$ cat input-v7.pdb   # PDB, C-alpha atoms, pLDDT in the B column
ATOM      1  CA  MET A   1       0.000   0.000   0.000  1.00 73.00           C
ATOM      2  CA  THR A   2       1.318   3.447  -0.904  1.00 81.00           C
ATOM      3  CA  LYS A   3       2.094   5.601   2.097  1.00 82.00           C
ATOM      4  CA  PRO A   4      -0.199   8.669   2.196  1.00 86.00           C
ATOM      5  CA  LEU A   5       1.365  12.110   1.961  1.00 91.00           C
ATOM      6  CA  SER A   6       1.349  14.265   5.056  1.00 94.00           C
ATOM      7  CA  TYR A   7       2.464  17.831   5.682  1.00 94.00           C
ATOM      8  CA  ASP A   8       3.102  20.148   8.567  1.00 95.00           C
ATOM      9  CA  PRO A   9       1.571  23.341   7.126  1.00 93.00           C
ATOM     10  CA  ASN A  10       4.077  25.494   8.996  1.00 93.00           C
ATOM     11  CA  THR A  11       6.922  23.923   7.007  1.00 96.00           C
ATOM     12  CA  LEU A  12       5.363  24.770   3.632  1.00 95.00           C
ATOM     13  CA  ALA A  13       6.002  27.941   1.699  1.00 95.00           C
ATOM     14  CA  GLU A  14       2.995  30.243   1.955  1.00 90.00           C
ATOM     15  CA  ARG A  15       2.078  29.800  -1.730  1.00 92.00           C
ATOM     16  CA  ASP A  16       2.313  26.004  -1.473  1.00 95.00           C
ATOM     17  CA  ARG A  17       0.209  25.985   1.693  1.00 94.00           C
ATOM     18  CA  TYR A  18      -2.425  28.086  -0.077  1.00 93.00           C
ATOM     19  CA  LYS A  19      -2.510  25.776  -3.089  1.00 95.00           C
ATOM     20  CA  LEU A  20      -2.829  22.669  -0.924  1.00 96.00           C
ATOM     21  CA  LEU A  21      -5.672  24.018   1.193  1.00 95.00           C
ATOM     22  CA  ILE A  22      -7.781  25.448  -1.630  1.00 94.00           C
ATOM     23  CA  SER A  23      -7.339  22.218  -3.594  1.00 96.00           C
ATOM     24  CA  LEU A  24      -8.609  20.059  -0.737  1.00 95.00           C
ATOM     25  CA  VAL A  25     -11.395  22.198   0.724  1.00 95.00           C
ATOM     26  CA  ILE A  26     -13.763  22.169  -2.250  1.00 95.00           C
ATOM     27  CA  PRO A  27     -16.256  23.197  -3.421  1.00 96.00           C
ATOM     28  CA  ARG A  28     -16.479  26.666  -1.898  1.00 97.00           C
ATOM     29  CA  PRO A  29     -19.265  29.223  -2.367  1.00 97.00           C
ATOM     30  CA  ILE A  30     -18.384  32.559  -3.935  1.00 98.00           C
ATOM     31  CA  ALA A  31     -19.192  35.946  -2.413  1.00 98.00           C
ATOM     32  CA  LEU A  32     -19.164  38.821  -4.888  1.00 98.00           C
ATOM     33  CA  VAL A  33     -18.823  41.599  -2.326  1.00 98.00           C
ATOM     34  CA  THR A  34     -19.976  45.129  -3.075  1.00 98.00           C
ATOM     35  CA  THR A  35     -18.601  48.050  -1.093  1.00 98.00           C
ATOM     36  CA  VAL A  36     -18.361  51.801  -1.642  1.00 97.00           C
ATOM     37  CA  GLY A  37     -15.082  53.722  -1.636  1.00 95.00           C
ATOM     38  CA  PRO A  38     -14.386  57.229  -0.297  1.00 94.00           C
ATOM     39  CA  THR A  39     -15.194  58.868  -3.644  1.00 94.00           C
ATOM     40  CA  GLY A  40     -18.452  56.947  -4.100  1.00 95.00           C
ATOM     41  CA  VAL A  41     -17.099  54.355  -6.545  1.00 96.00           C
ATOM     42  CA  VAL A  42     -18.841  51.000  -6.101  1.00 97.00           C
ATOM     43  CA  ASN A  43     -16.341  48.176  -5.754  1.00 96.00           C
ATOM     44  CA  ALA A  44     -17.165  44.506  -6.451  1.00 98.00           C
ATOM     45  CA  ALA A  45     -14.693  41.756  -5.553  1.00 97.00           C
ATOM     46  CA  PRO A  46     -15.116  37.953  -5.488  1.00 98.00           C
ATOM     47  CA  TYR A  47     -14.086  35.903  -2.455  1.00 97.00           C
ATOM     48  CA  SER A  48     -14.222  32.143  -1.949  1.00 97.00           C
ATOM     49  CA  PHE A  49     -12.744  32.278   1.542  1.00 96.00           C
ATOM     50  CA  PHE A  50     -16.324  32.836   2.634  1.00 97.00           C
ATOM     51  CA  ASN A  51     -19.183  31.098   4.381  1.00 97.00           C
ATOM     52  CA  LEU A  52     -21.958  31.354   6.963  1.00 96.00           C
ATOM     53  CA  PHE A  53     -21.019  30.692  10.566  1.00 94.00           C
ATOM     54  CA  SER A  54     -24.138  31.396  12.591  1.00 96.00           C
ATOM     55  CA  GLU A  55     -27.873  31.865  12.240  1.00 96.00           C
ATOM     56  CA  SER A  56     -28.450  33.513  15.621  1.00 96.00           C
ATOM     57  CA  PRO A  57     -27.201  36.121  15.089  1.00 96.00           C
ATOM     58  CA  PRO A  58     -26.932  35.557  11.328  1.00 98.00           C
ATOM     59  CA  LEU A  59     -23.224  35.952  10.570  1.00 98.00           C
ATOM     60  CA  ALA A  60     -21.111  35.599   7.437  1.00 98.00           C
ATOM     61  CA  VAL A  61     -17.316  35.608   7.384  1.00 98.00           C
ATOM     62  CA  LEU A  62     -14.970  36.841   4.663  1.00 97.00           C
ATOM     63  CA  GLY A  63     -11.292  35.904   4.537  1.00 96.00           C
ATOM     64  CA  LEU A  64      -9.583  39.086   3.314  1.00 95.00           C
ATOM     65  CA  GLN A  65      -5.993  39.414   2.131  1.00 90.00           C
ATOM     66  CA  ALA A  66      -3.783  42.503   2.318  1.00 88.00           C
ATOM     67  CA  ARG A  67      -1.639  43.777  -0.537  1.00 85.00           C
ATOM     68  CA  PRO A  68       2.000  42.583  -0.721  1.00 79.00           C
ATOM     69  CA  ASN A  69       3.124  45.910   0.821  1.00 83.00           C
ATOM     70  CA  GLY A  70       0.803  45.363   3.790  1.00 80.00           C
ATOM     71  CA  ASN A  71      -1.801  47.952   2.792  1.00 86.00           C
ATOM     72  CA  LEU A  72      -5.438  46.961   2.885  1.00 91.00           C
ATOM     73  CA  LYS A  73      -7.176  46.018  -0.331  1.00 91.00           C
ATOM     74  CA  ASP A  74     -10.216  48.062  -1.321  1.00 92.00           C
ATOM     75  CA  THR A  75     -12.843  45.734   0.165  1.00 95.00           C
ATOM     76  CA  SER A  76     -11.111  45.606   3.558  1.00 95.00           C
ATOM     77  CA  ALA A  77     -10.621  49.378   3.688  1.00 94.00           C
ATOM     78  CA  HIS A  78     -14.210  50.091   2.648  1.00 96.00           C
ATOM     79  CA  ILE A  79     -15.670  47.702   5.235  1.00 97.00           C
ATOM     80  CA  ARG A  80     -13.499  49.311   7.898  1.00 95.00           C
ATOM     81  CA  ASP A  81     -14.450  52.859   6.895  1.00 96.00           C
ATOM     82  CA  ARG A  82     -18.169  52.427   6.129  1.00 97.00           C
ATOM     83  CA  GLY A  83     -19.061  49.449   8.311  1.00 97.00           C
ATOM     84  CA  GLU A  84     -21.319  47.944   5.644  1.00 98.00           C
ATOM     85  CA  PHE A  85     -21.106  45.595   2.671  1.00 98.00           C
ATOM     86  CA  VAL A  86     -23.285  43.325   0.546  1.00 98.00           C
ATOM     87  CA  ILE A  87     -22.530  39.691  -0.262  1.00 98.00           C
ATOM     88  CA  ASN A  88     -23.943  38.949  -3.712  1.00 98.00           C
ATOM     89  CA  LEU A  89     -24.137  35.215  -4.310  1.00 98.00           C
ATOM     90  CA  VAL A  90     -22.901  33.903  -7.648  1.00 98.00           C
ATOM     91  CA  ASP A  91     -24.697  31.509  -9.951  1.00 98.00           C
ATOM     92  CA  GLU A  92     -23.516  29.988 -13.215  1.00 97.00           C
ATOM     93  CA  ALA A  93     -25.034  32.800 -15.288  1.00 97.00           C
ATOM     94  CA  LEU A  94     -23.041  35.379 -13.312  1.00 98.00           C
ATOM     95  CA  GLY A  95     -19.751  33.478 -13.487  1.00 98.00           C
ATOM     96  CA  ALA A  96     -18.056  35.287 -16.376  1.00 98.00           C
ATOM     97  CA  GLN A  97     -18.867  38.731 -14.983  1.00 98.00           C
ATOM     98  CA  MET A  98     -17.743  37.650 -11.509  1.00 98.00           C
ATOM     99  CA  ASN A  99     -14.419  36.621 -13.023  1.00 98.00           C
ATOM    100  CA  GLN A 100     -14.041  40.047 -14.656  1.00 98.00           C
ATOM    101  CA  CYS A 101     -14.472  41.597 -11.212  1.00 97.00           C
ATOM    102  CA  ALA A 102     -11.346  39.700 -10.087  1.00 96.00           C
ATOM    103  CA  VAL A 103      -9.167  41.943 -12.283  1.00 95.00           C
ATOM    104  CA  ASP A 104      -6.928  44.160 -10.133  1.00 91.00           C
ATOM    105  CA  PHE A 105      -8.518  47.435 -11.209  1.00 93.00           C
ATOM    106  CA  PRO A 106      -7.272  50.712  -9.694  1.00 91.00           C
ATOM    107  CA  PRO A 107      -9.571  52.184  -6.990  1.00 88.00           C
ATOM    108  CA  GLU A 108     -11.079  54.775  -9.325  1.00 90.00           C
ATOM    109  CA  VAL A 109     -12.373  52.070 -11.722  1.00 93.00           C
ATOM    110  CA  SER A 110     -15.627  50.371 -10.780  1.00 95.00           C
ATOM    111  CA  GLU A 111     -15.775  46.634 -11.429  1.00 97.00           C
ATOM    112  CA  ILE A 112     -19.529  47.065 -11.818  1.00 97.00           C
ATOM    113  CA  GLU A 113     -19.052  49.213 -14.910  1.00 96.00           C
ATOM    114  CA  ALA A 114     -16.203  47.103 -16.279  1.00 96.00           C
ATOM    115  CA  ALA A 115     -18.277  43.910 -16.021  1.00 98.00           C
ATOM    116  CA  LYS A 116     -21.427  45.668 -17.288  1.00 98.00           C
ATOM    117  CA  LEU A 117     -23.409  44.791 -14.174  1.00 98.00           C
ATOM    118  CA  ASN A 118     -26.416  46.657 -12.816  1.00 98.00           C
ATOM    119  CA  LEU A 119     -27.082  47.863  -9.288  1.00 98.00           C
ATOM    120  CA  LEU A 120     -30.168  47.956  -7.094  1.00 98.00           C
ATOM    121  CA  PRO A 121     -30.587  49.817  -3.791  1.00 98.00           C
ATOM    122  CA  SER A 122     -30.393  47.859  -0.561  1.00 98.00           C
ATOM    123  CA  GLU A 123     -33.001  48.026   2.197  1.00 98.00           C
ATOM    124  CA  LYS A 124     -30.981  48.520   5.372  1.00 98.00           C
ATOM    125  CA  VAL A 125     -27.464  49.460   4.265  1.00 98.00           C
ATOM    126  CA  LYS A 126     -26.218  52.209   1.971  1.00 98.00           C
ATOM    127  CA  ILE A 127     -24.241  49.783  -0.185  1.00 98.00           C
ATOM    128  CA  PRO A 128     -26.000  48.750  -3.419  1.00 98.00           C
ATOM    129  CA  ARG A 129     -26.499  45.146  -4.460  1.00 98.00           C
ATOM    130  CA  ILE A 130     -25.986  43.519  -7.854  1.00 98.00           C
ATOM    131  CA  ALA A 131     -29.200  43.111  -9.839  1.00 98.00           C
ATOM    132  CA  GLU A 132     -27.959  40.006 -11.657  1.00 98.00           C
ATOM    133  CA  ALA A 133     -27.168  38.087  -8.458  1.00 98.00           C
ATOM    134  CA  PRO A 134     -29.601  35.295  -7.523  1.00 98.00           C
ATOM    135  CA  ALA A 135     -29.478  36.439  -3.905  1.00 98.00           C
ATOM    136  CA  ALA A 136     -27.851  39.172  -1.847  1.00 98.00           C
ATOM    137  CA  LEU A 137     -27.052  39.435   1.854  1.00 98.00           C
ATOM    138  CA  GLU A 138     -26.926  42.957   3.275  1.00 98.00           C
ATOM    139  CA  CYS A 139     -24.321  43.037   6.049  1.00 98.00           C
ATOM    140  CA  ARG A 140     -23.254  45.387   8.806  1.00 98.00           C
ATOM    141  CA  HIS A 141     -19.736  44.984  10.131  1.00 98.00           C
ATOM    142  CA  PHE A 142     -19.808  42.886  13.309  1.00 97.00           C
ATOM    143  CA  THR A 143     -16.102  42.526  14.044  1.00 97.00           C
ATOM    144  CA  THR A 144     -12.791  41.886  12.300  1.00 96.00           C
ATOM    145  CA  LEU A 145     -10.129  39.463  13.473  1.00 96.00           C
ATOM    146  CA  GLU A 146      -6.630  40.401  12.354  1.00 93.00           C
ATOM    147  CA  VAL A 147      -5.115  36.941  12.228  1.00 91.00           C
ATOM    148  CA  SER A 148      -1.822  37.996  10.616  1.00 88.00           C
ATOM    149  CA  ALA A 149      -0.155  40.916   8.887  1.00 85.00           C
ATOM    150  CA  THR A 150      -1.689  39.823   5.584  1.00 87.00           C
ATOM    151  CA  ARG A 151      -4.939  38.125   6.618  1.00 91.00           C
ATOM    152  CA  ARG A 152      -8.068  39.294   8.387  1.00 94.00           C
ATOM    153  CA  LEU A 153     -11.474  37.754   8.942  1.00 96.00           C
ATOM    154  CA  ALA A 154     -14.281  40.262   8.496  1.00 97.00           C
ATOM    155  CA  ILE A 155     -17.491  39.132  10.163  1.00 98.00           C
ATOM    156  CA  GLY A 156     -20.720  40.714   9.018  1.00 98.00           C
ATOM    157  CA  GLU A 157     -24.175  40.500  10.569  1.00 98.00           C
ATOM    158  CA  ILE A 158     -26.766  39.808   7.876  1.00 98.00           C
ATOM    159  CA  VAL A 159     -29.493  42.416   8.289  1.00 98.00           C
ATOM    160  CA  HIS A 160     -31.532  41.844   5.113  1.00 98.00           C
ATOM    161  CA  ILE A 161     -31.811  39.105   2.480  1.00 98.00           C
ATOM    162  CA  HIS A 162     -32.891  39.428  -1.160  1.00 98.00           C
ATOM    163  CA  ILE A 163     -33.812  36.393  -3.301  1.00 98.00           C
ATOM    164  CA  ARG A 164     -34.661  36.321  -6.985  1.00 97.00           C
ATOM    165  CA  GLU A 165     -38.292  35.596  -7.707  1.00 95.00           C
ATOM    166  CA  GLY A 166     -38.914  31.895  -8.323  1.00 94.00           C
ATOM    167  CA  LEU A 167     -35.930  30.624  -6.334  1.00 96.00           C
ATOM    168  CA  TRP A 168     -37.570  30.413  -2.916  1.00 96.00           C
ATOM    169  CA  ASP A 169     -40.803  28.795  -1.718  1.00 94.00           C
ATOM    170  CA  PRO A 170     -41.991  31.021   1.167  1.00 93.00           C
ATOM    171  CA  VAL A 171     -44.488  28.383   2.344  1.00 93.00           C
ATOM    172  CA  LYS A 172     -42.133  25.378   2.504  1.00 93.00           C
ATOM    173  CA  MET A 173     -39.135  27.628   3.239  1.00 94.00           C
ATOM    174  CA  ARG A 174     -37.105  25.733   0.633  1.00 94.00           C
ATOM    175  CA  ILE A 175     -34.866  26.728  -2.265  1.00 95.00           C
ATOM    176  CA  ASP A 176     -35.867  25.435  -5.693  1.00 94.00           C
ATOM    177  CA  MET A 177     -32.799  23.516  -6.843  1.00 91.00           C
ATOM    178  CA  THR A 178     -34.180  23.267 -10.371  1.00 92.00           C
ATOM    179  CA  GLN A 179     -33.903  27.064 -10.631  1.00 94.00           C
ATOM    180  CA  TYR A 180     -30.911  27.871  -8.422  1.00 95.00           C
ATOM    181  CA  HIS A 181     -27.570  27.026 -10.032  1.00 96.00           C
ATOM    182  CA  PRO A 182     -24.844  28.304  -7.683  1.00 97.00           C
ATOM    183  CA  LEU A 183     -21.304  28.366  -8.981  1.00 97.00           C
ATOM    184  CA  ALA A 184     -18.681  26.578  -6.885  1.00 97.00           C
ATOM    185  CA  ARG A 185     -15.034  27.612  -6.603  1.00 97.00           C
ATOM    186  CA  LEU A 186     -12.433  24.883  -6.893  1.00 97.00           C
ATOM    187  CA  PHE A 187      -8.762  25.856  -7.402  1.00 95.00           C
ATOM    188  CA  GLY A 188      -6.624  27.530 -10.031  1.00 94.00           C
ATOM    189  CA  ASN A 189      -8.960  28.477 -12.876  1.00 95.00           C
ATOM    190  CA  TYR A 190     -11.405  25.680 -12.083  1.00 96.00           C
ATOM    191  CA  TYR A 191     -15.052  26.113 -11.129  1.00 97.00           C
ATOM    192  CA  ALA A 192     -17.925  23.650 -10.959  1.00 97.00           C
ATOM    193  CA  SER A 193     -21.680  23.356 -10.986  1.00 95.00           C
ATOM    194  CA  LEU A 194     -23.399  21.375  -8.256  1.00 90.00           C
ATOM    195  CA  GLY A 195     -24.627  18.587 -10.503  1.00 87.00           C
ATOM    196  CA  GLU A 196     -27.608  16.439  -9.565  1.00 89.00           C
ATOM    197  CA  PRO A 197     -28.503  16.816  -5.852  1.00 88.00           C
ATOM    198  CA  PHE A 198     -29.131  13.749  -3.686  1.00 90.00           C
ATOM    199  CA  THR A 199     -30.029  13.205  -0.057  1.00 92.00           C
ATOM    200  CA  HIS A 200     -28.700  11.587   3.095  1.00 94.00           C
ATOM    201  CA  VAL A 201     -31.459  11.522   5.708  1.00 94.00           C
ATOM    202  CA  ARG A 202     -30.221  12.266   9.218  1.00 95.00           C
ATOM    203  CA  GLN A 203     -31.446   9.665  11.700  1.00 95.00           C
ATOM    204  CA  SER A 204     -32.305   9.899  15.352  1.00 96.00           C
ATOM    205  CA  TYR A 205     -30.428   7.599  17.713  1.00 95.00           C
ATOM    206  CA  GLU A 206     -33.573   5.490  18.106  1.00 95.00           C
ATOM    207  CA  GLU A 207     -33.903   5.059  14.331  1.00 94.00           C
ATOM    208  CA  TRP A 208     -30.249   4.088  14.091  1.00 94.00           C
ATOM    209  CA  LEU A 209     -30.702   1.444  16.809  1.00 95.00           C
ATOM    210  CA  ALA A 210     -33.884   0.087  15.197  1.00 95.00           C
ATOM    211  CA  GLU A 211     -32.045  -0.686  11.970  1.00 92.00           C
ATOM    212  CA  ARG A 212     -29.610  -2.893  13.876  1.00 88.00           C
ATOM    213  CA  VAL A 213     -32.141  -5.102  15.649  1.00 80.00           C
TER     214      VAL A 213
END

$ encode --input "input-v7.pdb" --output "structure tokens"
Amino acid sequence: MTKPLSYDPNTLAERDRYKLLISLVIPRPIALVTTVGPTGVVNAAPYSFFNLFSESPPLAVLGLQARPNGNLKDTSAHIRDRGEFVINLVDEALGAQMNQCAVDFPPEVSEIEAAKLNLLPSEKVKIPRIAEAPAALECRHFTTLEVSATRRLAIGEIVHIHIREGLWDPVKMRIDMTQYHPLARLFGNYYASLGEPFTHVRQSYEEWLAERV
């Protein structure tokens, strides 16, 4: 039998550690985050170091990276200065425009205009949301953890949720998977669709025991 590979992450070069982790922890959801800069330019940047971490209070976390010189990137600086942001979720139809937003534009250039996206007003924050997104989470800054000189975790409290018509059944409180096609981040230039969903039914302890009688 071939011996499995094993690594102490602290012995890996930072780039190698990054490549290993993002290759293993897949798929990841994509947050296309809108913020507003000091001159009013709307910034949109994609992040896959992102997920939900609580429903009470409803919290989402973004893993934000600093520039090589240590200065904050636009999204981090805008969240710090304005205390608000919007997480626009990304589906397959939005994928190409999301990828255009990953270009390292200068601060005075809006990714929204470059990617030919449209904006809609939010309900509870002053940051606009992306009209083409299947859903958007309005967030107020909750706290930021500065985990290193180049990494910070920005935690936002979700204060309002927008969902495209037809995606959500308000009676059953269920998403329609035949209509919702979220895009998943893999590694490198690779992305993926979810494919055909299937179920694993969670059992109670009593049900688990009954199957073994």

$ atom_distance --input "input-v7.pdb" --atom1 "atom CA of A:Ile161" --atom2 "atom CA of A:Asn118"
17.9 Å

$ resolve_selection --input "input-v7.pdb" --expression "the PyMOL selection byres ((chain A and resi 185) around 12)" --output "PyMOL selection string"
chain A and resi 22-31+46-50+90-92+95+98-99+182-184+186-194

$ closest_residue --input "input-v7.pdb" --among "A:Ile87, A:Leu153, A:Val103, A:Ala77" --to "A:Val36" --atoms "all atoms listed in the file"
A:Ala77

$ closest_residue --input "input-v7.pdb" --among "A:Val42, A:Met177, A:Ala135, A:Val86" --to "A:Leu62" --atoms "all atoms listed in the file"
A:Val86

$ atom_distance --input "input-v7.pdb" --atom1 "atom CA of A:Leu167" --atom2 "atom CA of A:Leu89"
12.8 Å

$ closest_residue --input "input-v7.pdb" --among "A:Gln65, A:Asn10, A:Gln203, A:Asn88" --to "A:Arg129" --atoms "only C-alpha atoms"
A:Asn88

$ resolve_selection --input "input-v7.pdb" --expression "the PyMOL selection byres ((chain A and resi 150) around 9)" --output "list of chain:residue names"
A:Leu64, A:Gln65, A:Ala66, A:Arg67, A:Pro68, A:Gly70, A:Asn71, A:Leu72, A:Glu146, A:Val147, A:Ser148, A:Ala149, A:Arg151, A:Arg152

$ closest_residue --input "input-v7.pdb" --among "A:Trp208, A:Phe85, A:Phe198, A:Tyr180" --to "A:His141" --atoms "all atoms listed in the file"
A:Phe85

$ resolve_selection --input "input-v7.pdb" --expression "the PyMOL selection byres ((chain A and resi 43) around 9)" --output "list in words"
Val33, Thr34, Thr35, Val36, Gly37, Val41, Val42, Ala44, Ala45, Asp74, Thr75, His78, Cys101, Pro107, Val109, Ser110, Glu111 and Ile112 of chain A

$ closest_residue --input "input-v7.pdb" --among "A:Ile130, A:Cys139, A:Leu145, A:Met173" --to "A:Ile158" --atoms "all atoms listed in the file"
A:Cys139
